[in-house]
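Novice: Take a look at work_33.pdb, PDB, C-alpha atoms:
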```
ATOM      1  CA  MET A 286     -11.463   9.959  21.810
ATOM      2  CA  LYS A 287     -12.304   6.472  20.566
ATOM      3  CA  ILE A 288     -11.545   5.691  16.932
ATOM      4  CA  LEU A 289     -12.935   2.542  15.289
ATOM      5  CA  ILE A 290     -11.129   1.281  12.205
ATOM      6  CA  VAL A 291     -12.634  -1.510  10.109
ATOM      7  CA  MET A 292     -10.340  -2.993   7.466
ATOM      8  CA  GLY A 293      -9.839  -6.244   5.603
ATOM      9  CA  GLY A 294      -6.303  -6.945   6.741
ATOM     10  CA  PHE A 295      -3.847  -5.865   9.406
ATOM     11  CA  PHE A 296      -0.609  -7.068  10.973
ATOM     12  CA  PRO A 297       0.695  -9.718  11.415
ATOM     13  CA  GLY A 298      -0.489 -10.135   7.818
ATOM     14  CA  GLN A 299       2.197  -9.591   5.184
ATOM     15  CA  LYS A 300       0.153  -9.475   1.972
ATOM     16  CA  TYR A 301      -2.094  -6.465   2.403
ATOM     17  CA  GLY A 302       0.315  -3.837   1.109
ATOM     18  CA  GLY A 303       0.384  -0.276   2.419
ATOM     19  CA  PRO A 304      -2.898   0.165   4.359
ATOM     20  CA  PRO A 305      -1.763  -1.816   7.449
ATOM     21  CA  VAL A 306       1.398   0.304   7.549
ATOM     22  CA  SER A 307      -0.634   3.511   7.262
ATOM     23  CA  VAL A 308      -3.063   2.455   9.977
ATOM     24  CA  ASN A 309      -0.390   1.148  12.337
ATOM     25  CA  ASN A 310       1.538   4.410  12.070
ATOM     26  CA  PHE A 311      -1.717   6.355  12.499
ATOM     27  CA  CYS A 312      -2.417   4.485  15.737
ATOM     28  CA  SER A 313       1.088   5.295  16.980
ATOM     29  CA  LEU A 314       0.542   8.979  16.220
ATOM     30  CA  PHE A 315      -2.825   8.947  18.021
ATOM     31  CA  ARG A 316      -1.489   6.969  20.963
ATOM     32  CA  GLU A 317      -3.148   9.305  23.486
ATOM     33  CA  ASP A 318      -6.527   8.323  22.027
ATOM     34  CA  GLU A 319      -8.002   4.822  21.920
ATOM     35  CA  CYS A 320      -7.812   3.086  18.539
ATOM     36  CA  TYR A 321      -9.804  -0.081  17.906
ATOM     37  CA  ILE A 322      -9.400  -2.203  14.770
ATOM     38  CA  VAL A 323     -11.736  -4.907  13.466
ATOM     39  CA  THR A 324     -10.105  -7.062  10.810
ATOM     40  CA  LYS A 325      -9.940 -10.568   9.368
ATOM     41  CA  ASN A 326      -8.050 -13.254  11.258
ATOM     42  CA  HIS A 327      -5.906 -14.407   8.330
ATOM     43  CA  ASP A 328      -3.591 -13.073   5.659
ATOM     44  CA  LYS A 329      -4.762 -12.110   2.192
ATOM     45  CA  ASP A 330      -5.610 -15.076  -0.055
ATOM     46  CA  GLU A 331      -5.155 -17.412   2.912
ATOM     47  CA  SER A 332      -7.686 -19.296   5.031
ATOM     48  CA  VAL A 333      -5.602 -20.425   8.006
ATOM     49  CA  PRO A 334      -5.919 -18.068  11.002
ATOM     50  CA  TYR A 335      -2.818 -16.344  12.373
ATOM     51  CA  GLU A 336      -0.924 -18.425  14.896
ATOM     52  CA  GLY A 337      -0.980 -17.302  18.503
ATOM     53  CA  ILE A 338      -3.945 -14.930  18.077
ATOM     54  CA  ASP A 339      -7.389 -15.641  19.508
ATOM     55  CA  SER A 340     -10.260 -14.814  17.181
ATOM     56  CA  GLY A 341     -13.301 -12.903  18.345
ATOM     57  CA  ILE A 342     -11.745 -11.177  21.364
ATOM     58  CA  TRP A 343      -9.812  -7.930  21.716
ATOM     59  CA  THR A 344      -6.042  -8.268  21.398
ATOM     60  CA  LYS A 345      -3.934  -5.512  22.976
ATOM     61  CA  ARG A 346      -1.110  -4.253  20.793
ATOM     62  CA  ASP A 347       1.401  -1.569  21.656
ATOM     63  CA  ASN A 348      -0.665   1.202  20.054
ATOM     64  CA  CYS A 349      -4.199  -0.160  19.631
ATOM     65  CA  TYR A 350      -6.743  -2.901  20.315
ATOM     66  CA  VAL A 351      -7.460  -5.378  17.520
ATOM     67  CA  LYS A 352     -10.344  -7.788  17.126
ATOM     68  CA  TYR A 353      -9.521 -10.526  14.622
ATOM     69  CA  VAL A 354     -12.618 -12.238  13.226
ATOM     70  CA  SER A 355     -13.351 -15.038  10.768
ATOM     71  CA  ASP A 356     -14.663 -14.392   7.256
ATOM     72  CA  GLU A 357     -18.099 -15.516   8.451
ATOM     73  CA  SER A 358     -18.081 -12.917  11.247
ATOM     74  CA  TYR A 359     -16.687 -10.086   9.130
ATOM     75  CA  LYS A 360     -20.110  -8.613   8.394
ATOM     76  CA  LYS A 361     -22.635  -5.988   9.420
ATOM     77  CA  SER A 362     -23.886  -7.722  12.574
ATOM     78  CA  GLU A 363     -20.351  -7.948  13.981
ATOM     79  CA  PHE A 364     -19.596  -4.339  13.090
ATOM     80  CA  GLU A 365     -22.807  -3.248  14.813
ATOM     81  CA  LYS A 366     -21.927  -5.279  17.891
ATOM     82  CA  VAL A 367     -18.563  -3.520  18.122
ATOM     83  CA  ILE A 368     -20.113  -0.078  17.617
ATOM     84  CA  LEU A 369     -22.553  -0.690  20.464
ATOM     85  CA  GLU A 370     -19.778  -2.084  22.646
ATOM     86  CA  ILE A 371     -17.106   0.607  22.345
ATOM     87  CA  LYS A 372     -19.280   3.584  21.266
ATOM     88  CA  PRO A 373     -16.668   5.160  18.990
ATOM     89  CA  ASP A 374     -16.459   8.901  18.386
ATOM     90  CA  VAL A 375     -15.183   8.382  14.841
ATOM     91  CA  LEU A 376     -15.426   5.560  12.304
ATOM     92  CA  TYR A 377     -12.301   5.534  10.115
ATOM     93  CA  LEU A 378     -12.717   3.476   6.920
ATOM     94  CA  GLN A 379      -9.899   2.273   4.677
ATOM     95  CA  GLY A 380     -10.700   2.159   0.968
ATOM     96  CA  LEU A 381     -13.979   2.683  -0.852
ATOM     97  CA  PHE A 382     -14.530  -0.669  -2.550
ATOM     98  CA  GLN A 383     -13.844  -2.932   0.430
ATOM     99  CA  SER A 384     -16.622  -5.290   1.532
ATOM    100  CA  CYS A 385     -16.902  -3.631   4.943
ATOM    101  CA  VAL A 386     -17.546  -0.119   3.642
ATOM    102  CA  LEU A 387     -21.216  -0.352   2.635
ATOM    103  CA  PRO A 388     -22.437  -1.978   5.894
ATOM    104  CA  CYS A 389     -20.281   0.394   7.939
ATOM    105  CA  LEU A 390     -21.678   3.455   6.158
ATOM    106  CA  GLU A 391     -25.194   2.147   6.751
ATOM    107  CA  LEU A 392     -24.444   1.709  10.448
ATOM    108  CA  ALA A 393     -22.837   5.139  10.648
ATOM    109  CA  LYS A 394     -26.009   6.678   9.263
ATOM    110  CA  GLN A 395     -28.178   4.631  11.621
ATOM    111  CA  TYR A 396     -26.176   5.583  14.736
ATOM    112  CA  SER A 397     -25.198   9.124  13.628
ATOM    113  CA  LEU A 398     -21.486   8.341  13.699
ATOM    114  CA  LYS A 399     -18.850  10.668  12.323
ATOM    115  CA  VAL A 400     -17.013   9.017   9.430
ATOM    116  CA  VAL A 401     -13.623   9.625   7.848
ATOM    117  CA  LEU A 402     -13.088   7.629   4.672
ATOM    118  CA  ALA A 403      -9.615   7.214   3.172
ATOM    119  CA  PRO A 404      -9.934   5.933  -0.435
ATOM    120  CA  ARG A 405      -6.330   4.645  -0.282
ATOM    121  CA  GLY A 406      -5.756   5.347  -3.973
ATOM    122  CA  GLU A 407      -8.750   3.320  -5.175
ATOM    123  CA  LEU A 408     -10.151   6.324  -7.055
ATOM    124  CA  CYS A 409      -6.882   7.275  -8.775
ATOM    125  CA  ALA A 410      -6.626   6.752 -12.522
ATOM    126  CA  GLY A 411      -4.094   3.931 -12.334
ATOM    127  CA  ALA A 412      -6.282   1.922  -9.934
ATOM    128  CA  LEU A 413      -9.824   2.657 -11.091
ATOM    129  CA  LYS A 414     -10.406  -0.319 -13.365
ATOM    130  CA  LYS A 415     -13.700  -2.055 -14.225
ATOM    131  CA  LYS A 416     -15.670   1.186 -13.971
ATOM    132  CA  TYR A 417     -18.783  -0.639 -15.143
ATOM    133  CA  LYS A 418     -18.891  -2.215 -11.659
ATOM    134  CA  LYS A 419     -17.565   0.645  -9.567
ATOM    135  CA  ILE A 420     -19.508   3.611 -10.937
ATOM    136  CA  PRO A 421     -22.935   2.008 -10.203
ATOM    137  CA  TYR A 422     -21.708   1.204  -6.686
ATOM    138  CA  ILE A 423     -20.687   4.821  -6.134
ATOM    139  CA  ALA A 424     -24.042   5.976  -7.513
ATOM    140  CA  TYR A 425     -25.808   3.684  -5.026
ATOM    141  CA  LEU A 426     -23.852   5.142  -2.099
ATOM    142  CA  ARG A 427     -24.821   8.645  -3.167
ATOM    143  CA  MET A 428     -28.463   7.757  -3.807
ATOM    144  CA  LYS A 429     -28.752   6.316  -0.285
ATOM    145  CA  ASN A 430     -27.120   9.452   1.178
ATOM    146  CA  LEU A 431     -24.385   7.315   2.716
ATOM    147  CA  VAL A 432     -21.515   9.615   1.711
ATOM    148  CA  ARG A 433     -23.208  13.018   1.885
ATOM    149  CA  ASN A 434     -22.108  13.988   5.385
ATOM    150  CA  ILE A 435     -18.830  12.145   5.747
ATOM    151  CA  ALA A 436     -15.272  13.482   5.672
ATOM    152  CA  TYR A 437     -12.452  12.222   3.490
ATOM    153  CA  GLN A 438      -8.731  11.787   3.913
ATOM    154  CA  SER A 439      -6.775  12.562   0.755
ATOM    155  CA  THR A 440      -3.069  11.951   0.290
ATOM    156  CA  SER A 441      -2.576  13.723  -3.056
ATOM    157  CA  GLU A 442      -4.053  16.385  -5.320
ATOM    158  CA  GLU A 443      -5.091  13.650  -7.761
ATOM    159  CA  GLU A 444      -6.989  11.847  -5.026
ATOM    160  CA  SER A 445      -8.741  15.037  -3.892
ATOM    161  CA  ALA A 446      -9.852  15.713  -7.467
ATOM    162  CA  ALA A 447     -11.117  12.138  -7.804
ATOM    163  CA  ILE A 448     -13.129  12.388  -4.568
ATOM    164  CA  ILE A 449     -14.812  15.522  -5.874
ATOM    165  CA  LYS A 450     -15.399  13.995  -9.314
ATOM    166  CA  TYR A 451     -16.813  10.616  -8.329
ATOM    167  CA  LEU A 452     -18.297  11.211  -4.873
ATOM    168  CA  LYS A 453     -19.393  14.824  -5.491
ATOM    169  CA  ALA A 454     -17.847  15.805  -2.175
ATOM    170  CA  ASP A 455     -17.474  19.424  -1.126
ATOM    171  CA  SER A 456     -13.838  20.469  -1.004
ATOM    172  CA  GLU A 457     -14.151  21.553   2.656
ATOM    173  CA  LYS A 458     -14.935  17.929   3.574
ATOM    174  CA  ILE A 459     -11.659  16.705   2.071
ATOM    175  CA  HIS A 460      -8.719  16.828   4.452
ATOM    176  CA  PHE A 461      -5.261  16.509   2.965
ATOM    177  CA  LEU A 462      -3.231  14.350   5.302
ATOM    178  CA  THR A 463      -0.290  12.474   3.928
ATOM    179  CA  ASN A 464       0.307   8.973   5.221
ATOM    180  CA  ILE A 465       2.694   8.550   8.122
ATOM    181  CA  PRO A 466       5.953   6.836   7.125
ATOM    182  CA  SER A 467       7.657   4.170   9.182
ATOM    183  CA  ILE A 468      10.852   5.396  10.834
ATOM    184  CA  PRO A 469      13.899   3.069  10.943
ATOM    185  CA  GLU A 470      14.759   1.915  14.428
ATOM    186  CA  LYS A 471      18.482   2.313  13.756
ATOM    187  CA  GLN A 472      20.933   3.729  11.236
ATOM    188  CA  TYR A 473      21.955   1.356   8.456
ATOM    189  CA  ILE A 474      25.360   1.413   6.798
ATOM    190  CA  HIS A 475      25.489   0.522   3.095
ATOM    191  CA  GLU A 476      28.289  -1.728   1.933
ATOM    192  CA  LEU A 477      30.888  -0.202  -0.408
ATOM    193  CA  LYS A 478      29.679  -0.302  -4.002
ATOM    194  CA  LYS A 479      31.894  -1.433  -6.906
ATOM    195  CA  SER A 480      31.821   0.468 -10.193
ATOM    196  CA  GLY A 481      30.285  -1.628 -12.954
ATOM    197  CA  GLU A 482      28.066  -3.528 -10.525
ATOM    198  CA  GLY A 483      24.640  -2.821  -9.098
ATOM    199  CA  LYS A 484      22.156  -4.322  -6.675
ATOM    200  CA  PHE A 485      18.518  -3.449  -7.285
ATOM    201  CA  VAL A 486      15.369  -4.426  -5.441
ATOM    202  CA  PHE A 487      11.621  -4.491  -6.064
ATOM    203  CA  VAL A 488       9.429  -4.628  -2.947
ATOM    204  CA  SER A 489       5.689  -4.707  -3.568
ATOM    205  CA  ARG A 490       2.725  -6.867  -4.428
ATOM    206  CA  ILE A 491       3.272  -8.786  -7.664
ATOM    207  CA  HIS A 492       0.325  -7.382  -9.543
ATOM    208  CA  PRO A 493      -0.018  -5.627 -12.931
ATOM    209  CA  LYS A 494      -0.596  -2.280 -11.192
ATOM    210  CA  LYS A 495       2.906  -2.382  -9.721
ATOM    211  CA  ASN A 496       4.466  -2.879 -13.179
ATOM    212  CA  LEU A 497       7.199  -5.356 -12.260
ATOM    213  CA  ILE A 498       7.306  -6.584 -15.850
ATOM    214  CA  SER A 499       8.639  -3.223 -17.069
ATOM    215  CA  ALA A 500      11.304  -3.232 -14.356
ATOM    216  CA  ILE A 501      12.479  -6.603 -15.685
ATOM    217  CA  GLU A 502      12.409  -5.456 -19.307
ATOM    218  CA  TYR A 503      14.597  -2.422 -18.554
ATOM    219  CA  MET A 504      17.384  -4.829 -17.601
ATOM    220  CA  LYS A 505      17.738  -6.100 -21.181
ATOM    221  CA  ASP A 506      19.771  -3.063 -22.180
ATOM    222  CA  ILE A 507      21.945  -2.799 -19.086
ATOM    223  CA  LYS A 508      25.725  -3.219 -19.125
ATOM    224  CA  GLY A 509      27.547  -4.466 -16.062
ATOM    225  CA  LYS A 510      26.961  -7.072 -13.384
ATOM    226  CA  VAL A 511      23.499  -6.755 -11.902
ATOM    227  CA  VAL A 512      21.558  -8.469  -9.131
ATOM    228  CA  PHE A 513      17.825  -7.733  -9.114
ATOM    229  CA  ASP A 514      15.924  -9.171  -6.154
ATOM    230  CA  ILE A 515      12.123  -9.281  -6.028
ATOM    231  CA  TYR A 516      10.141  -9.331  -2.781
ATOM    232  CA  GLY A 517       6.392  -9.455  -2.361
ATOM    233  CA  PRO A 518       3.286 -11.635  -2.449
ATOM    234  CA  ILE A 519       2.323 -13.122  -5.822
ATOM    235  CA  GLU A 520      -1.248 -11.864  -6.217
ATOM    236  CA  ASP A 521      -1.621 -12.605  -9.924
ATOM    237  CA  GLU A 522      -0.199 -15.981 -10.972
ATOM    238  CA  GLU A 523      -0.685 -15.349 -14.699
ATOM    239  CA  TYR A 524       1.131 -12.025 -14.457
ATOM    240  CA  TRP A 525       3.962 -13.705 -12.536
ATOM    241  CA  LYS A 526       4.276 -16.262 -15.343
ATOM    242  CA  GLN A 527       4.695 -13.398 -17.804
ATOM    243  CA  CYS A 528       7.358 -11.867 -15.571
ATOM    244  CA  ASN A 529       9.201 -15.180 -15.382
ATOM    245  CA  GLN A 530       9.200 -15.428 -19.155
ATOM    246  CA  LYS A 531      10.830 -11.992 -19.355
ATOM    247  CA  ILE A 532      13.376 -13.013 -16.717
ATOM    248  CA  HIS A 533      14.439 -16.029 -18.815
ATOM    249  CA  GLU A 534      15.035 -13.706 -21.771
ATOM    250  CA  LEU A 535      17.548 -11.531 -19.897
ATOM    251  CA  PRO A 536      21.282 -11.690 -20.681
ATOM    252  CA  GLN A 537      23.679 -13.577 -18.414
ATOM    253  CA  ASN A 538      24.998 -10.446 -16.707
ATOM    254  CA  ILE A 539      21.612  -9.976 -15.044
ATOM    255  CA  THR A 540      20.726 -12.215 -12.098
ATOM    256  CA  VAL A 541      17.113 -12.069 -10.918
ATOM    257  CA  ASN A 542      15.931 -13.709  -7.697
ATOM    258  CA  TYR A 543      12.469 -14.040  -6.217
ATOM    259  CA  CYS A 544      12.988 -13.734  -2.458
ATOM    260  CA  GLY A 545       9.461 -14.217  -1.127
ATOM    261  CA  LEU A 546       7.665 -12.073   1.429
ATOM    262  CA  VAL A 547       9.146  -9.374   3.641
ATOM    263  CA  ASN A 548       8.201  -9.066   7.274
ATOM    264  CA  HIS A 549       7.494  -5.374   7.762
ATOM    265  CA  GLU A 550       9.864  -5.259  10.713
ATOM    266  CA  LYS A 551      12.682  -6.194   8.301
ATOM    267  CA  VAL A 552      11.811  -3.878   5.419
ATOM    268  CA  HIS A 553      14.305  -1.118   6.312
ATOM    269  CA  GLU A 554      17.093  -3.647   6.703
ATOM    270  CA  ILE A 555      16.219  -5.192   3.321
ATOM    271  CA  PHE A 556      16.323  -1.835   1.535
ATOM    272  CA  SER A 557      19.693  -1.002   3.093
ATOM    273  CA  LEU A 558      21.263  -3.968   1.257
ATOM    274  CA  TYR A 559      20.671  -2.456  -2.195
ATOM    275  CA  ASN A 560      21.903   0.435  -4.310
ATOM    276  CA  ALA A 561      18.466   1.354  -5.656
ATOM    277  CA  PHE A 562      14.785   0.531  -5.402
ATOM    278  CA  LEU A 563      13.297   0.004  -8.882
ATOM    279  CA  PHE A 564       9.542   0.658  -8.848
ATOM    280  CA  PRO A 565       7.876   1.802 -12.114
ATOM    281  CA  THR A 566       4.394   1.619 -10.602
ATOM    282  CA  PHE A 567       1.299   2.713 -12.515
ATOM    283  CA  SER A 568      -0.185   4.475  -9.487
ATOM    284  CA  GLU A 569       0.444   5.105  -5.792
ATOM    285  CA  ASN A 570      -1.595   7.425  -3.617
ATOM    286  CA  TYR A 571       1.361   7.470  -1.215
ATOM    287  CA  GLY A 572       3.950   4.702  -1.566
ATOM    288  CA  HIS A 573       5.202   3.567   1.842
ATOM    289  CA  VAL A 574       7.911   1.483   0.220
ATOM    290  CA  ILE A 575       9.345   4.601  -1.428
ATOM    291  CA  ALA A 576       9.537   6.391   1.914
ATOM    292  CA  GLU A 577      11.072   3.311   3.553
ATOM    293  CA  ALA A 578      13.791   3.045   0.894
ATOM    294  CA  LEU A 579      14.665   6.736   1.136
ATOM    295  CA  SER A 580      14.728   6.620   4.940
ATOM    296  CA  VAL A 581      17.728   4.263   4.885
ATOM    297  CA  GLY A 582      19.583   6.085   2.110
ATOM    298  CA  THR A 583      18.628   3.821  -0.797
ATOM    299  CA  ALA A 584      18.080   5.670  -4.065
ATOM    300  CA  VAL A 585      14.747   5.156  -5.806
ATOM    301  CA  ILE A 586      13.966   4.805  -9.505
ATOM    302  CA  ILE A 587      10.219   5.237  -9.727
ATOM    303  CA  SER A 588       7.486   6.362 -12.096
ATOM    304  CA  ASP A 589       6.085   9.860 -11.920
ATOM    305  CA  GLN A 590       2.702   8.424 -10.846
ATOM    306  CA  THR A 591       3.370   8.867  -7.117
ATOM    307  CA  PRO A 592       3.525  11.856  -4.732
ATOM    308  CA  TRP A 593       7.334  11.535  -4.659
ATOM    309  CA  SER A 594       8.259  13.286  -7.925
ATOM    310  CA  ASP A 595      10.219  15.984  -6.069
ATOM    311  CA  ILE A 596      13.032  13.457  -5.558
ATOM    312  CA  ASN A 597      14.405  14.723  -8.883
ATOM    313  CA  GLU A 598      15.084  18.147  -7.370
ATOM    314  CA  ALA A 599      16.320  16.606  -4.108
ATOM    315  CA  LYS A 600      18.686  14.340  -6.102
ATOM    316  CA  ALA A 601      17.498  11.362  -4.055
ATOM    317  CA  GLY A 602      16.602   9.352  -7.137
ATOM    318  CA  TRP A 603      14.603   9.502 -10.329
ATOM    319  CA  ALA A 604      10.864   9.965 -10.955
ATOM    320  CA  ILE A 605      10.342   9.159 -14.628
ATOM    321  CA  PRO A 606       7.334   9.167 -16.984
ATOM    322  CA  LEU A 607       6.212   5.614 -17.702
ATOM    323  CA  ASP A 608       6.457   6.112 -21.459
ATOM    324  CA  ASN A 609      10.143   7.069 -21.228
ATOM    325  CA  ARG A 610      11.875   3.699 -21.219
ATOM    326  CA  GLU A 611      15.175   5.283 -22.212
ATOM    327  CA  LYS A 612      15.278   7.400 -19.044
ATOM    328  CA  PHE A 613      14.642   4.356 -16.846
ATOM    329  CA  VAL A 614      17.515   2.525 -18.527
ATOM    330  CA  GLU A 615      19.775   5.571 -18.143
ATOM    331  CA  ALA A 616      18.964   5.827 -14.443
ATOM    332  CA  ILE A 617      19.697   2.142 -13.828
ATOM    333  CA  GLN A 618      22.937   2.361 -15.786
ATOM    334  CA  SER A 619      24.055   5.480 -13.883
ATOM    335  CA  VAL A 620      23.690   3.589 -10.605
ATOM    336  CA  ILE A 621      25.799   0.734 -11.958
ATOM    337  CA  ASP A 622      28.474   3.064 -13.338
ATOM    338  CA  GLN A 623      28.693   5.068 -10.124
ATOM    339  CA  LYS A 624      32.110   4.854  -8.520
ATOM    340  CA  PRO A 625      32.684   4.197  -4.797
TER     341      PRO A 625
END
```
Would you give me this structure, written as structure tokens?
Specialist:
Amino acid sequence: MKILIVMGGFFPGQKYGGPPVSVNNFCSLFREDECYIVTKNHDKDESVPYEGIDSGIWTKRDNCYVKYVSDESYKKSEFEKVILEIKPDVLYLQGLFQSCVLPCLELAKQYSLKVVLAPRGELCAGALKKKYKKIPYIAYLRMKNLVRNIAYQSTSEEESAAIIKYLKADSEKIHFLTNIPSIPEKQYIHELKKSGEGKFVFVSRIHPKKNLISAIEYMKDIKGKVVFDIYGPIEDEEYWKQCNQKIHELPQNITVNYCGLVNHEKVHEIFSLYNAFLFPTFSENYGHVIAEALSVGTAVIISDQTPWSDINEAKAGWAIPLDNREKFVEAIQSVIDQKP
């Protein structure tokens, strides 16, 4: 079976968040099939093409073929050219509001292609902003019968409900398939922790949705020696300025460092260096970073707006309502107070 995936960004990009991880792991799982990816030839918010990669031709990776194209070529005519070239059995689309989705749905209808669309959390309450733009777009897709006969991948009950609500999809066309986590290549040993000290990490895009500013504010009430390291692309400069202001207001026992981007191949190693992953996100349809932290034995302190709330029962961390600041502070303090 040939599977064509069209998406805005893929590896070696480091700024596109979870979708490249999901798709890369999907391709590994479907290794016996042929997966083809058409994507842009540069990282998010960049214009310089990736080094060492030729644009416009198929690049063989371990688990798929990738065609990296310029912004000018990332359009309907190129997608049609690829469809006619490889004759895919399935068109697998990532996200609903990406620029490639409308032309790809039009082509799928024209060539009678089977489509699986994964909204990637874009319909969940914490991500569905500016409805005045998005609802008319959804209405247009329905009016043109572009989503009537397609299938959907859902990764949570919330997402399934949103697909039914906004896209009027029949429940039998929604297939619950959780994302595929990345497995560490080796076992990591955590260094011995000292009571009264704690090392915390935030790994995600620096964007209001990820709620870094609350993670910083929780530190105001913490006793003990704390290091809080922040990794991820700065997507919203104004929001990052607000975060920096909060950092400067923290007491001297709290040290905060911005550590830049994380190469995905290093993410498990990074998590293994810390006592807990602090991530009070407003919404995640899956949360690869949560799975990656847990997979190396790093506790997680997260909001209850992810599919990982059962960590409370598993005693692998804390999933806390966003309006319960006190519980976040208690969780952070309990990690610091923990004895070796």
Novice: Please indicate the distance in Å from atom CA of Lys287 of chain A to atom CA of Pro373 of chain A, rounded to one decimal place.
Specialist: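 Between atom CA of Lys287 of chain A and atom CA of Pro373 of chain A the gap works out to 4.8 Å.
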Novice: Hey, can you check how far atom CA of Val291 of chain A sits from atom CA of Gly545 of chain A?
Specialist: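 Taking atom CA of Val291 of chain A as the start and atom CA of Gly545 of chain A as the end point, the length is 27.9 Å.
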Novice: Excluding Asp356 of chain A and any residue of its chain fewer than 2 positions from it, enumerate the residues within 12 Å of it, using all atoms listed in the file, and give them as a tab-separated table (two decimals) with C-alpha atoms, keeping the file's coordinate frame.
Specialist:
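Printed below is out_14.tsv as written:
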```tsv
chain	number	residue	atom	x	y	z
A	293	GLY	CA	-9.84	-6.24	5.60
A	294	GLY	CA	-6.30	-6.94	6.74
A	323	VAL	CA	-11.74	-4.91	13.47
A	324	THR	CA	-10.10	-7.06	10.81
A	325	LYS	CA	-9.94	-10.57	9.37
A	326	ASN	CA	-8.05	-13.25	11.26
A	327	HIS	CA	-5.91	-14.41	8.33
A	328	ASP	CA	-3.59	-13.07	5.66
A	329	LYS	CA	-4.76	-12.11	2.19
A	330	ASP	CA	-5.61	-15.08	-0.06
A	331	GLU	CA	-5.16	-17.41	2.91
A	332	SER	CA	-7.69	-19.30	5.03
A	333	VAL	CA	-5.60	-20.42	8.01
A	334	PRO	CA	-5.92	-18.07	11.00
A	340	SER	CA	-10.26	-14.81	17.18
A	341	GLY	CA	-13.30	-12.90	18.34
A	353	TYR	CA	-9.52	-10.53	14.62
A	354	VAL	CA	-12.62	-12.24	13.23
A	358	SER	CA	-18.08	-12.92	11.25
A	359	TYR	CA	-16.69	-10.09	9.13
A	360	LYS	CA	-20.11	-8.61	8.39
A	361	LYS	CA	-22.64	-5.99	9.42
A	363	GLU	CA	-20.35	-7.95	13.98
A	384	SER	CA	-16.62	-5.29	1.53
A	385	CYS	CA	-16.90	-3.63	4.94
```
Novice: So which one's closest to Leu402 of chain A, A:Met292, A:Tyr422, A:Asn348, A:Ile371? Using all atoms listed in the file, please.
Specialist: A:Met292
Novice: Quote the spacing between atom CA of Ala601 of chain A and atom CA of Ala584 of chain A in Å to one decimal place.
Specialist: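 Computing the Euclidean distance for atom CA of Ala601 of chain A and atom CA of Ala584 of chain A yields 5.7 Å.
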Novice: Can you work out which one of A:Arg405, A:Arg427, A:Lys458, A:Lys345 has the shortest atom-to-atom distance to Gln379 of chain A, counting all atoms listed in the file?
Specialist: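 Answer, going by the shortest atom-to-atom distance: A:Arg405.
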